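Note sheet for the following structure.
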Amino acid sequence: MTYLVDGLYILAFSLFIYGLSGLTGPKTAVRGNWIAAIGMGIAVVATLIKIRDTAPINWILIVAGLAIGVILGVPPAKKTKMTAMPQLVALFNGVGGGTVALIAWSEFIETKGFSQFKPEQSPTIALVVGSLFAAVIGSVSFWGSLVAFAKLQETIIPKNVEKAFVKGAKLFQAANIVLLLVAVAVAVYIGLNKGLAEWWIVLLLVLAGIMGLFVVFPIGGADMPVVISLLNAMTGLSAAAAGLALNNTAMIVAGMIVGASGSILTNLMAVAMNRSIPAIVFGSFGGGETGDGPAGGDQGTVKATSASDAAIQMAYANQVIVVPGYGLAVAQAQHTVKELADLLEARGVEVKFAIHPVAGRMPGHMNVLLAEADVEYDAMKEMDDINGEFGRTDVTLVIGANDVTNPAARNDPSSPIHGMPILNVDQSRSVIVLKRSMSSGYAGIENPLFFLDQTSMLFGDAKKSVSEVIEALKDL
Amino acid sequence: MYTQLLANLAILVLAGFVGFAVISKVPNTLHTPLMSGTNAIHGIVVLGALLVLGNLPADAHWGVRIIGFIALVFGTLNVIGGFLVTDRMLGMFKGKKVPKKDDALPAADKAKEVTK
């Protein structure tokens, strides 16, 4: 029977790898996801075969646990709006980390503080080191993800409380370094001393949990996608560690693949924002030191425009580039924008969508939202592909995006976002910015783009403004 | 026993390289579904919860049973939620555009005529 179980595990992780490699293209991705899901089903069945002789009470708990997990998991996964996906992913990631932390806890109890082992268990060193590592990282990931969820949900943490957290970033960072050292010391102590009381592992979990809270609390909204990806990678690594502790190949492989790919993804995103991962975790510009930019306010005046002027400008353009930002998602305007694009295309105007790698609250989030509104995959252009085109674009329509269009990132060394790759919107012949008000972006930095001669502002709710432009276009 | 540990460590390292290799070809556009997909795959921790619960002796303390049970619920949530969310997001990219686009344009034209 062990051969069957091990064989099924190998089949399972082969399917994970095959499925994940399918995620590299839009055509094979859906199938790839299902292949990975089938792998997961096989892995679960194999594990159930492995533990088939367990006590009846355990079977009852297992069936109940699986059922409750499914009942709780399906409705939010099916119903949550696409704009709220980042926080849902954060939440599902968090419970994964929580699982790992709880596994480590119960391993500690079952081995009486790593002092009594059963013959079929992993080598002692793998069990002890793996469990302790899993305890720390799992707990950090669980609590960190919960904070990320609360921050992204926006209604849970009051704005002024959050501002205070962001302001106190330096304090949190100092506390984190102390916490990390203490947690490592406690983990080493537990590892070296067999048979400690249970509260030691609880202490370790709590220390790591506080660390998770403190890491994510002060992180500004612009850095949130990177943090979610980082937490995702951490849960993967902790799963691999738990796999070593439990001597389970499927967990080692799947956990490590996620850990490695998640780390790369995190790094890619950090590079897209010209930030290093340590700088995001340990330093922050997501607030805190704002207002250092080149003097806000006195850069000239902004021009306001009307919906009908904007419509005329676009109707007689050869090419229009739409730059969507999170403001578009908040206003739920993706369908309206698609309608506008269709109307313009019917008039022979070429419409493209320029998507910054970190637009939205998750990498690629904006692509998902536009795809939801049936914008074609080929019309969505990545930053490097479209940046050369702004120079020969008649009208660029910026909807709810701010920091990713800020030319200061390119030409003002004193700006806190200097060096961040941006969309070169300022090079196009005219720019129309749809914006709620003149408040600064998520990073709290003034945007000189708004003060340029070719820029005009269309104030108001993004969806309402776009609808007005559509009406005006129809009347032309 | 230690040969097994070595084997596991070798698997760990190789899996790391597979992770690197798989991700390097993914376009930015698919980063969200990819993150969500890997998020679902680390739901593999559900196996750990199953093993912990399954290995408990019949006379185990109720405290550790509760811990194992919560771990199992969390792990199942991770798996189910992860795969369903990924499927929904990827479904947005799928080829529904062809039939829809054909309807959408005439509909927009009709709307135009009505307003006129």
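Lettering and numbering for the structure tokens are positional, with chains as A, B, ... in the shown order, residues counted from 1 in each chain, and ligands counted from 1 in the shown order.
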Quick one: everything within 12 Å of Ser428 of chain A, counting only C-alpha atoms, minus sequence neighbours fewer than 2 positions away in the same chain. Send it as a PyMOL selection string.
-> chain A and resi 317+319-322+386-398+405+423-426+430-432+449+452-455
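Residues surrounding Lys25 of chain B within 9 Å are Ser21, Thr24 and Gly25 of chain A [only C-alpha atoms; sequence separation below 5 positions excluded].
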DSSP on the backbone, then: every residue of segment 337-370 of chain A marked helix (DSSP H, G or I), written as a list in words.
-> Val337, Lys338, Glu339, Leu340, Ala341, Asp342, Leu343, Leu344, Glu345, Ala346, His365, Met366, Asn367, Val368, Leu369 and Leu370 of chain A
re atom CA of Leu90 of chain B and atom CA of Gly37 of chain B: distance 9.9 Å
Close residues, Ser106 of chain A itself excluded, 9 Å, only C-alpha atoms, min 6 positions apart in chain, as number ranges by chain | B: 52, 64-65, 67-68
